[in-house]
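A.B. asks: Before anything else, here's the structure in question.
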Amino acid sequence: MGLKTRLLAVVALGAAAIAPVTAQAARNWVMPSTTTLSGSNAWVTFDAASSDELYFPDLRPLALTSIQVIASDGAADQVQNGSQGKFRSTFDVQVNKPGTWKVASVSTMVMASWTENGEVKRFRGTGEDFAKQVPAGAADLKTIRNVSRNETFVTRDKPTREALKPTGKDLEMVPVTHPSDVVATEPATFQLLLNGKPAAGVEVTVMRGYDHWATKPVGEITTKTGPDGAFKVTLPQAGLWWISASLRTGETGRPPEGPRPAPAPGAMPGMPGMAGGEGGRGGPPQALAGDGYGASYTAVIEAQQP
Amino acid sequence: MKRSISLLTFAGAAVGAAAPASAADLSVNFDIPRLTVAEYHAPFVSIWIENPTDAAAPSQTLAVWYKPNHEKWLKDMRQWWRKAGREMTFPADGISGATHAPGPQKVTFSAAKAPLKDLKPGQYVLVVEAAREAGGHETVRVPFTWGKPGKPATAKGASELGAVTVAVK
């Protein structure tokens with residue numbers, strides 16, 4: 001699918017296509033111990049996980065291998081003391097150059113089906129494994145790619161913009177208001193890009209998190225990107241905020257809506273899109289109905305005290 | 001920081017009208033309360049000037065008190081850090097100095113020296129921000145008029161700072 005068609009499809013599918021993604025409630029986040037640093041001996045420790053509640057790891061870690069560190073001069077840097085646990089990954093970054101750094105978890109999951117010797121084959125795994133395991137030029141190849149990018153920003157001394165430059169791939173956010181200049185009760189502007197072009201009409205959710213002990217959660221702010229891909233949000237209170245957006249086009253790989261065959265006694269309830277897809281529910285592997293693409297983006301940013 | 005409380009300054013203020021407007025100094029008196037806590041460290045303090053009529057105008061730092069080699073915690077004076085501190089280099093000559101023991105603080109900033117010598121007459125806000133290691137954080141704002149001697153203005157802190165009084169003399 002060409003970019004233009006894809007963008008059109010995204011707009012056409014709109015909220016209907018996005019809703020099932022957010023309904024899953026698994027929220028990805030990369031959270032820094034601090035967003036603001038001073039002085040030369042600067043370190044930040046990070047947690048990276050996918051959880052139901054923000055910042056309370058209870059589902060799975062974001063893989064350590066998915067972490068990318070972009071130093072303030074745009075150079076790739078490395079994590080230190082990395083550990084991938086049952087529920088979260090944790091790692092340190094030595095912020096050894098002044099300016100703004102970007103730390104992200106970037107991963108691609110691929111579902112594929114193709115035909116080999118008259119048999120339908122299925123694959124589900126990372127983008128790297130897809131390249132290794134699925135033969136190039138496979139017959140009847142259909143793929144559904146899901147790209148997940150989860151970012152956060154830390155600044156030592158004076159804020160800079162080199163590390164904020166988008167890669168031009170998949171769904172990304174350009175902080176028009178510098179992350180270090182996001183202040184509670186003041187409007188901040190961000191722009192969503194899809195493959196480097198403004199992503200218009202995309203629903204954005206902004207959440208406070210830390211609601212675990214709150215009797216009444218702060219609630220979420222929802223907005224939509226304009227024709228230029230930009231959205232403006234005024235965060236009501238200081239602290240960490242989670243920005244989330246996703247879009248999808250083509251096939252999802254999920255079973256069609258409607259009555260499903262009753263699962264066998266004792267079987268796990270149907271997990272949409274899990275290994276084998278339709279083929280995983282008994283019978284022989286079935287081909288995907290078509291190609292699909294999904295992209296999700298999250299950022300953890302701090303709203304500073306006014 | 002070199003504190004410029006000089007007898008000459010006060011003598012000049014006492015004469016009042018005799019001093020030309022441009023020679024008015026900025027005097028800041030405030031209290032760092034003595035707190036009875038298990039672990040007490042003298043607060044890091046920053047004193048700066050905001051221009052409320054021009055949001056784009058950079059804030060001017062008058063003084064920063066912190067522990068030598070503890071630049072890591074300068075950012076805990078959060079508002080000052082965002083508005084001015086992060087653009088500076090530390091130690092900052094003529095601006096930064098050691099923390100002060102709790103009690104009454106009396107500082108005077110000379111109109112003949114930067115940044116006051118370049119400050120245009122008008123309405124400003126003097127801000128004192130205190131951040132204490134293993135403790136609280138507070139900011140107190142006092143509006144004042146720069147350019148001619150005026151009545152002292154006072155605002156009161158609640159926890160980390162007592163009353164802050166600003167006078168142009």
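Scheme for the structure tokens: letters A, B, ... for chains in order shown; per-chain residue numbers from 1; ligand numbers from 1 in order shown.
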When the cut-off is 6 Å and we count only C-alpha atoms, which residues of chain A are near chain B, given as an NGL selection string?
C.D. replies: :A and (38-39 or 157-158)
A.B. asks: Based on the selection just made, write C-alpha atoms of those residues as a PDB file, in the first residue's frame.
C.D. replies:
```
ATOM      1  CA  SER A  38      22.238  19.566  36.416  1.00  0.00           C
ATOM      2  CA  GLY A  39      25.966  19.160  36.806  1.00  0.00           C
ATOM      3  CA  ASP A 157      21.534  21.769  31.669  1.00  0.00           C
ATOM      4  CA  LYS A 158      20.400  23.715  28.591  1.00  0.00           C
TER       5      LYS A 158
END
```
A.B. asks: Any idea what the distance is between atom CA of Val106 of chain A and atom CA of Thr35 of chain A?
C.D. replies: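 Atom CA of Thr35 of chain A lies at a distance of 19.8 Å from atom CA of Val106 of chain A.
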A.B. asks: Could you tell me which of A:Asn146, A:Ser105, A:Ser89, A:Ser83 comes closest to Arg124 of chain A if we count only C-alpha atoms?
C.D. replies: A:Asn146
A.B. asks: In chain B, what's strand (DSSP E) per DSSP? Answer as a ChimeraX atom specification?
C.D. replies: /B:26-32,44-50,60-65,96-97,103-109,122-131,137-146,153-156,163-168
A.B. asks: Keeping C-alpha atoms, export the residues of the selection given above as a PDB file, in the first residue's frame.
C.D. replies:
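out.pdb written:
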```
ATOM      1  CA  LEU B  26      18.030  46.448  45.554  1.00  0.00           C
ATOM      2  CA  SER B  27      17.880  45.184  49.086  1.00  0.00           C
ATOM      3  CA  VAL B  28      16.373  41.803  49.902  1.00  0.00           C
ATOM      4  CA  ASN B  29      15.709  40.650  53.443  1.00  0.00           C
ATOM      5  CA  PHE B  30      14.283  37.263  54.154  1.00  0.00           C
ATOM      6  CA  ASP B  31      14.222  34.563  56.760  1.00  0.00           C
ATOM      7  CA  ILE B  32      15.348  30.965  56.464  1.00  0.00           C
ATOM      8  CA  PHE B  44      19.856  25.827  48.337  1.00  0.00           C
ATOM      9  CA  VAL B  45      18.578  29.330  47.600  1.00  0.00           C
ATOM     10  CA  SER B  46      18.242  31.255  44.369  1.00  0.00           C
ATOM     11  CA  ILE B  47      17.244  34.900  44.053  1.00  0.00           C
ATOM     12  CA  TRP B  48      16.179  36.190  40.671  1.00  0.00           C
ATOM     13  CA  ILE B  49      14.150  38.802  38.829  1.00  0.00           C
ATOM     14  CA  GLU B  50      11.226  38.039  36.530  1.00  0.00           C
ATOM     15  CA  GLN B  60      18.006  37.601  35.736  1.00  0.00           C
ATOM     16  CA  THR B  61      19.764  35.658  38.451  1.00  0.00           C
ATOM     17  CA  LEU B  62      21.053  37.742  41.337  1.00  0.00           C
ATOM     18  CA  ALA B  63      22.320  35.046  43.668  1.00  0.00           C
ATOM     19  CA  VAL B  64      22.564  31.269  44.028  1.00  0.00           C
ATOM     20  CA  TRP B  65      23.609  29.639  47.287  1.00  0.00           C
ATOM     21  CA  SER B  96      26.995  31.748  43.260  1.00  0.00           C
ATOM     22  CA  GLY B  97      28.237  31.062  46.745  1.00  0.00           C
ATOM     23  CA  GLY B 103      18.186  32.830  60.318  1.00  0.00           C
ATOM     24  CA  PRO B 104      17.626  36.329  58.943  1.00  0.00           C
ATOM     25  CA  GLN B 105      19.291  36.987  55.587  1.00  0.00           C
ATOM     26  CA  LYS B 106      20.165  40.452  54.358  1.00  0.00           C
ATOM     27  CA  VAL B 107      21.520  40.969  50.857  1.00  0.00           C
ATOM     28  CA  THR B 108      21.910  44.058  48.744  1.00  0.00           C
ATOM     29  CA  PHE B 109      22.501  44.041  45.024  1.00  0.00           C
ATOM     30  CA  GLY B 122       9.645  49.267  35.376  1.00  0.00           C
ATOM     31  CA  GLN B 123       7.621  46.650  37.196  1.00  0.00           C
ATOM     32  CA  TYR B 124       9.376  43.407  38.119  1.00  0.00           C
ATOM     33  CA  VAL B 125       9.000  40.488  40.457  1.00  0.00           C
ATOM     34  CA  LEU B 126      11.758  39.375  42.766  1.00  0.00           C
ATOM     35  CA  VAL B 127      11.690  35.641  43.431  1.00  0.00           C
ATOM     36  CA  VAL B 128      13.370  33.737  46.224  1.00  0.00           C
ATOM     37  CA  GLU B 129      13.340  29.968  45.822  1.00  0.00           C
ATOM     38  CA  ALA B 130      14.552  27.536  48.460  1.00  0.00           C
ATOM     39  CA  ALA B 131      15.056  23.782  48.066  1.00  0.00           C
ATOM     40  CA  HIS B 137      10.729  23.402  48.418  1.00  0.00           C
ATOM     41  CA  GLU B 138       9.201  26.874  48.297  1.00  0.00           C
ATOM     42  CA  THR B 139       9.074  29.938  46.090  1.00  0.00           C
ATOM     43  CA  VAL B 140       8.119  33.427  47.263  1.00  0.00           C
ATOM     44  CA  ARG B 141       7.412  36.274  44.813  1.00  0.00           C
ATOM     45  CA  VAL B 142       7.567  39.973  45.660  1.00  0.00           C
ATOM     46  CA  PRO B 143       6.605  42.605  43.056  1.00  0.00           C
ATOM     47  CA  PHE B 144       8.715  45.750  43.025  1.00  0.00           C
ATOM     48  CA  THR B 145       9.307  48.853  40.922  1.00  0.00           C
ATOM     49  CA  TRP B 146      12.785  49.418  39.610  1.00  0.00           C
ATOM     50  CA  ALA B 153       7.198  45.258  49.690  1.00  0.00           C
ATOM     51  CA  THR B 154       6.795  42.003  51.578  1.00  0.00           C
ATOM     52  CA  ALA B 155       5.444  38.520  50.867  1.00  0.00           C
ATOM     53  CA  LYS B 156       5.438  35.636  53.273  1.00  0.00           C
ATOM     54  CA  ALA B 163       8.831  36.860  55.116  1.00  0.00           C
ATOM     55  CA  VAL B 164      10.698  38.256  52.117  1.00  0.00           C
ATOM     56  CA  THR B 165      11.048  42.029  51.977  1.00  0.00           C
ATOM     57  CA  VAL B 166      12.284  43.840  48.910  1.00  0.00           C
ATOM     58  CA  ALA B 167      13.224  47.504  48.874  1.00  0.00           C
ATOM     59  CA  VAL B 168      14.701  49.750  46.225  1.00  0.00           C
TER      60      VAL B 168
END
```
A.B. asks: I'd like the neighbourhood of Ala303 of chain A as a list in words, where a residue qualifies if any of its atoms comes within 6 Å (using only C-alpha atoms), though same-chain residues fewer than 3 positions away should be ignored.
C.D. replies: Val182, Val183, Ala184, Ala238 and Gly239 of chain A
A.B. asks: Between B:Pro102, B:Gly135, B:Pro68, B:Pro91, which one has atoms that come closest to Gly162 of chain B, using only C-alpha atoms?
C.D. replies: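 With only C-alpha atoms as the atom set, the closest residue is B:Pro102.
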A.B. asks: Can you list, as number ranges by chain, every protein, DNA or RNA residue that comes within 8 Å of Thr222 of chain A when you count only C-alpha atoms, leaving out same-chain residues fewer than 2 positions away?
C.D. replies: A: 203-206, 220, 224
A.B. asks: Mind giving me the straight-line distance from atom CA of Ala111 of chain B to atom CA of Pro52 of chain B in Å, one decimal?
C.D. replies: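 Here the two named atoms are 20.2 Å from each other.
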A.B. asks: Atom CA of Ala188 of chain A and atom CA of Pro175 of chain A, how far apart in Å?
C.D. replies: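 For atom CA of Pro175 of chain A relative to atom CA of Ala188 of chain A, the distance reads 8.7 Å.
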A.B. asks: Which of chain B counts as helix (DSSP H, G or I) under DSSP, as JSON, numbers by chain please?
C.D. replies: {"B": [7, 8, 9, 10, 11, 12, 13, 14, 15, 16, 17, 18, 21, 22, 23, 71, 72, 73, 74, 75, 76, 78, 79, 80, 81, 82, 83, 85, 86, 87, 116, 117, 118]}
A.B. asks: Near Lys142 of chain A, counting only C-alpha atoms, which residues have an atom at most 12 Å away, once you skip same-chain residues fewer than 2 positions from it, shown as an MDAnalysis selection string?
C.D. replies: chainID A and resid 1 110:115 120:124 134 137:140 144:145 250:253 286:293
A.B. asks: Which residues, written as a list in words, have at least one atom at most 7 Å from segment 47-59 of chain A, with only C-alpha atoms counted and residues fewer than 4 positions away on the same chain left out?
C.D. replies: Ala25, Ala26, Arg27, Asn28, Trp29, Val30, Met31, Pro32, Phe87, Arg88, Ser89, Thr90, Phe91, Gly209 and Tyr210 of chain A
A.B. asks: Next, the residues of the selection above should be written as an mmCIF file, in the first residue's frame with C-alpha atoms.
C.D. replies:
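The resulting file, result.cif, is reproduced below:
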```
data_model
loop_
_atom_site.group_PDB
_atom_site.id
_atom_site.type_symbol
_atom_site.label_atom_id
_atom_site.label_comp_id
_atom_site.auth_asym_id
_atom_site.auth_seq_id
_atom_site.Cartn_x
_atom_site.Cartn_y
_atom_site.Cartn_z
ATOM 1 C CA ALA A 25 -5.558 -1.378 28.124
ATOM 2 C CA ALA A 26 -1.967 -2.625 27.915
ATOM 3 C CA ARG A 27 0.000 0.588 28.112
ATOM 4 C CA ASN A 28 3.621 0.811 27.079
ATOM 5 C CA TRP A 29 5.900 3.229 28.837
ATOM 6 C CA VAL A 30 9.528 4.172 29.265
ATOM 7 C CA MET A 31 9.798 6.169 32.478
ATOM 8 C CA PRO A 32 12.853 8.137 33.627
ATOM 9 C CA PHE A 87 7.310 -7.313 34.522
ATOM 10 C CA ARG A 88 9.706 -4.561 33.560
ATOM 11 C CA SER A 89 13.103 -3.760 32.149
ATOM 12 C CA THR A 90 15.337 -1.421 34.063
ATOM 13 C CA PHE A 91 18.535 0.284 32.898
ATOM 14 C CA GLY A 209 -0.954 7.735 35.865
ATOM 15 C CA TYR A 210 -0.179 6.991 39.512
#
```
A.B. asks: For Phe231 of chain A, find every residue with an atom within 12 Å (counting only C-alpha atoms), except residues of its own chain fewer than 2 positions away, and show them as a PDB file with N, CA and C atoms, in the first residue's frame.
C.D. replies:
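Ended up saving to part_37.pdb:
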```
ATOM      1  N   MET A 173       6.449  11.413  17.325  1.00  0.00           N
ATOM      2  CA  MET A 173       5.986  12.699  17.807  1.00  0.00           C
ATOM      3  C   MET A 173       7.137  13.697  17.795  1.00  0.00           C
ATOM      4  N   VAL A 174       6.857  14.873  17.275  1.00  0.00           N
ATOM      5  CA  VAL A 174       7.822  15.967  17.355  1.00  0.00           C
ATOM      6  C   VAL A 174       7.356  16.903  18.471  1.00  0.00           C
ATOM      7  N   PRO A 175       8.146  17.049  19.521  1.00  0.00           N
ATOM      8  CA  PRO A 175       7.743  17.985  20.573  1.00  0.00           C
ATOM      9  C   PRO A 175       7.971  19.427  20.089  1.00  0.00           C
ATOM     10  N   VAL A 176       6.895  20.060  19.618  1.00  0.00           N
ATOM     11  CA  VAL A 176       7.008  21.454  19.153  1.00  0.00           C
ATOM     12  C   VAL A 176       7.363  22.320  20.365  1.00  0.00           C
ATOM     13  N   THR A 177       6.621  22.117  21.461  1.00  0.00           N
ATOM     14  CA  THR A 177       7.045  22.659  22.751  1.00  0.00           C
ATOM     15  C   THR A 177       8.121  21.702  23.267  1.00  0.00           C
ATOM     16  N   PRO A 187      -0.406  25.840  27.814  1.00  0.00           N
ATOM     17  CA  PRO A 187      -0.572  24.961  26.647  1.00  0.00           C
ATOM     18  C   PRO A 187       0.768  24.500  26.070  1.00  0.00           C
ATOM     19  N   ALA A 188       0.787  23.255  25.648  1.00  0.00           N
ATOM     20  CA  ALA A 188       1.979  22.692  24.998  1.00  0.00           C
ATOM     21  C   ALA A 188       1.537  22.080  23.671  1.00  0.00           C
ATOM     22  N   THR A 189       2.396  22.169  22.669  1.00  0.00           N
ATOM     23  CA  THR A 189       2.056  21.683  21.334  1.00  0.00           C
ATOM     24  C   THR A 189       2.996  20.559  20.916  1.00  0.00           C
ATOM     25  N   PHE A 190       2.410  19.524  20.330  1.00  0.00           N
ATOM     26  CA  PHE A 190       3.171  18.402  19.801  1.00  0.00           C
ATOM     27  C   PHE A 190       2.641  18.078  18.412  1.00  0.00           C
ATOM     28  N   GLN A 191       3.458  17.396  17.630  1.00  0.00           N
ATOM     29  CA  GLN A 191       3.022  17.034  16.283  1.00  0.00           C
ATOM     30  C   GLN A 191       3.266  15.548  16.049  1.00  0.00           C
ATOM     31  N   LEU A 192       2.256  14.877  15.504  1.00  0.00           N
ATOM     32  CA  LEU A 192       2.422  13.468  15.162  1.00  0.00           C
ATOM     33  C   LEU A 192       2.767  13.345  13.687  1.00  0.00           C
ATOM     34  N   LEU A 193       3.729  12.465  13.406  1.00  0.00           N
ATOM     35  CA  LEU A 193       4.135  12.206  12.032  1.00  0.00           C
ATOM     36  C   LEU A 193       3.952  10.723  11.734  1.00  0.00           C
ATOM     37  N   PRO A 198       2.893  14.783   8.310  1.00  0.00           N
ATOM     38  CA  PRO A 198       1.906  15.054   9.355  1.00  0.00           C
ATOM     39  C   PRO A 198       0.807  13.981   9.391  1.00  0.00           C
ATOM     40  N   ALA A 199       0.518  13.467  10.583  1.00  0.00           N
ATOM     41  CA  ALA A 199      -0.537  12.461  10.748  1.00  0.00           C
ATOM     42  C   ALA A 199      -1.789  13.185  11.245  1.00  0.00           C
ATOM     43  N   ALA A 200      -2.722  13.438  10.340  1.00  0.00           N
ATOM     44  CA  ALA A 200      -3.921  14.230  10.658  1.00  0.00           C
ATOM     45  C   ALA A 200      -5.024  13.342  11.214  1.00  0.00           C
ATOM     46  N   GLY A 201      -5.859  13.936  12.076  1.00  0.00           N
ATOM     47  CA  GLY A 201      -7.062  13.250  12.551  1.00  0.00           C
ATOM     48  C   GLY A 201      -6.807  12.048  13.427  1.00  0.00           C
ATOM     49  N   VAL A 202      -5.644  11.996  14.064  1.00  0.00           N
ATOM     50  CA  VAL A 202      -5.338  10.856  14.934  1.00  0.00           C
ATOM     51  C   VAL A 202      -5.740  11.199  16.365  1.00  0.00           C
ATOM     52  N   GLU A 203      -6.430  10.273  16.999  1.00  0.00           N
ATOM     53  CA  GLU A 203      -6.853  10.501  18.374  1.00  0.00           C
ATOM     54  C   GLU A 203      -5.658  10.345  19.316  1.00  0.00           C
ATOM     55  N   VAL A 204      -5.539  11.274  20.251  1.00  0.00           N
ATOM     56  CA  VAL A 204      -4.430  11.264  21.207  1.00  0.00           C
ATOM     57  C   VAL A 204      -5.015  11.191  22.617  1.00  0.00           C
ATOM     58  N   THR A 205      -4.445  10.324  23.427  1.00  0.00           N
ATOM     59  CA  THR A 205      -4.870  10.209  24.823  1.00  0.00           C
ATOM     60  C   THR A 205      -3.718  10.639  25.719  1.00  0.00           C
ATOM     61  N   VAL A 206      -4.033  11.461  26.710  1.00  0.00           N
ATOM     62  CA  VAL A 206      -3.013  11.919  27.645  1.00  0.00           C
ATOM     63  C   VAL A 206      -3.480  11.548  29.047  1.00  0.00           C
ATOM     64  N   ILE A 221      -7.199  12.923  29.175  1.00  0.00           N
ATOM     65  CA  ILE A 221      -7.506  14.004  28.252  1.00  0.00           C
ATOM     66  C   ILE A 221      -7.446  13.392  26.860  1.00  0.00           C
ATOM     67  N   THR A 222      -8.485  13.590  26.063  1.00  0.00           N
ATOM     68  CA  THR A 222      -8.402  13.099  24.693  1.00  0.00           C
ATOM     69  C   THR A 222      -8.516  14.271  23.741  1.00  0.00           C
ATOM     70  N   THR A 223      -7.755  14.187  22.665  1.00  0.00           N
ATOM     71  CA  THR A 223      -7.791  15.234  21.656  1.00  0.00           C
ATOM     72  C   THR A 223      -7.473  14.580  20.318  1.00  0.00           C
ATOM     73  N   LYS A 224      -7.435  15.390  19.276  1.00  0.00           N
ATOM     74  CA  LYS A 224      -7.194  14.853  17.944  1.00  0.00           C
ATOM     75  C   LYS A 224      -6.208  15.751  17.218  1.00  0.00           C
ATOM     76  N   THR A 225      -5.360  15.159  16.413  1.00  0.00           N
ATOM     77  CA  THR A 225      -4.414  15.987  15.664  1.00  0.00           C
ATOM     78  C   THR A 225      -5.145  16.722  14.544  1.00  0.00           C
ATOM     79  N   GLY A 226      -4.692  17.947  14.261  1.00  0.00           N
ATOM     80  CA  GLY A 226      -5.261  18.740  13.181  1.00  0.00           C
ATOM     81  C   GLY A 226      -4.676  18.341  11.837  1.00  0.00           C
ATOM     82  N   PRO A 227      -5.001  19.102  10.782  1.00  0.00           N
ATOM     83  CA  PRO A 227      -4.508  18.776   9.443  1.00  0.00           C
ATOM     84  C   PRO A 227      -2.981  18.758   9.364  1.00  0.00           C
ATOM     85  N   ASP A 228      -2.326  19.520  10.247  1.00  0.00           N
ATOM     86  CA  ASP A 228      -0.861  19.560  10.248  1.00  0.00           C
ATOM     87  C   ASP A 228      -0.254  18.521  11.188  1.00  0.00           C
ATOM     88  N   GLY A 229      -1.113  17.625  11.704  1.00  0.00           N
ATOM     89  CA  GLY A 229      -0.622  16.581  12.600  1.00  0.00           C
ATOM     90  C   GLY A 229      -0.404  17.061  14.025  1.00  0.00           C
ATOM     91  N   VAL A 233      -2.234  20.621  24.117  1.00  0.00           N
ATOM     92  CA  VAL A 233      -2.809  20.119  25.361  1.00  0.00           C
ATOM     93  C   VAL A 233      -2.301  20.971  26.526  1.00  0.00           C
ATOM     94  N   THR A 234      -3.209  21.230  27.478  1.00  0.00           N
ATOM     95  CA  THR A 234      -2.816  21.946  28.687  1.00  0.00           C
ATOM     96  C   THR A 234      -2.916  20.969  29.846  1.00  0.00           C
ATOM     97  N   ILE A 243       1.569  10.279  26.963  1.00  0.00           N
ATOM     98  CA  ILE A 243       0.884  10.638  25.719  1.00  0.00           C
ATOM     99  C   ILE A 243       0.828   9.384  24.856  1.00  0.00           C
ATOM    100  N   ALA A 245      -0.873   7.507  21.177  1.00  0.00           N
ATOM    101  CA  ALA A 245      -1.640   7.569  19.933  1.00  0.00           C
ATOM    102  C   ALA A 245      -1.363   6.303  19.135  1.00  0.00           C
TER     103      ALA A 245
END
```
A.B. asks: Using only C-alpha atoms, can you tell me which of A:Ser33, A:Ser296, A:Trp43, A:Ala136 comes closest to Leu240 of chain A?
C.D. replies: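 Among the listed residues, A:Ser33 lies closest to Leu240 of chain A.
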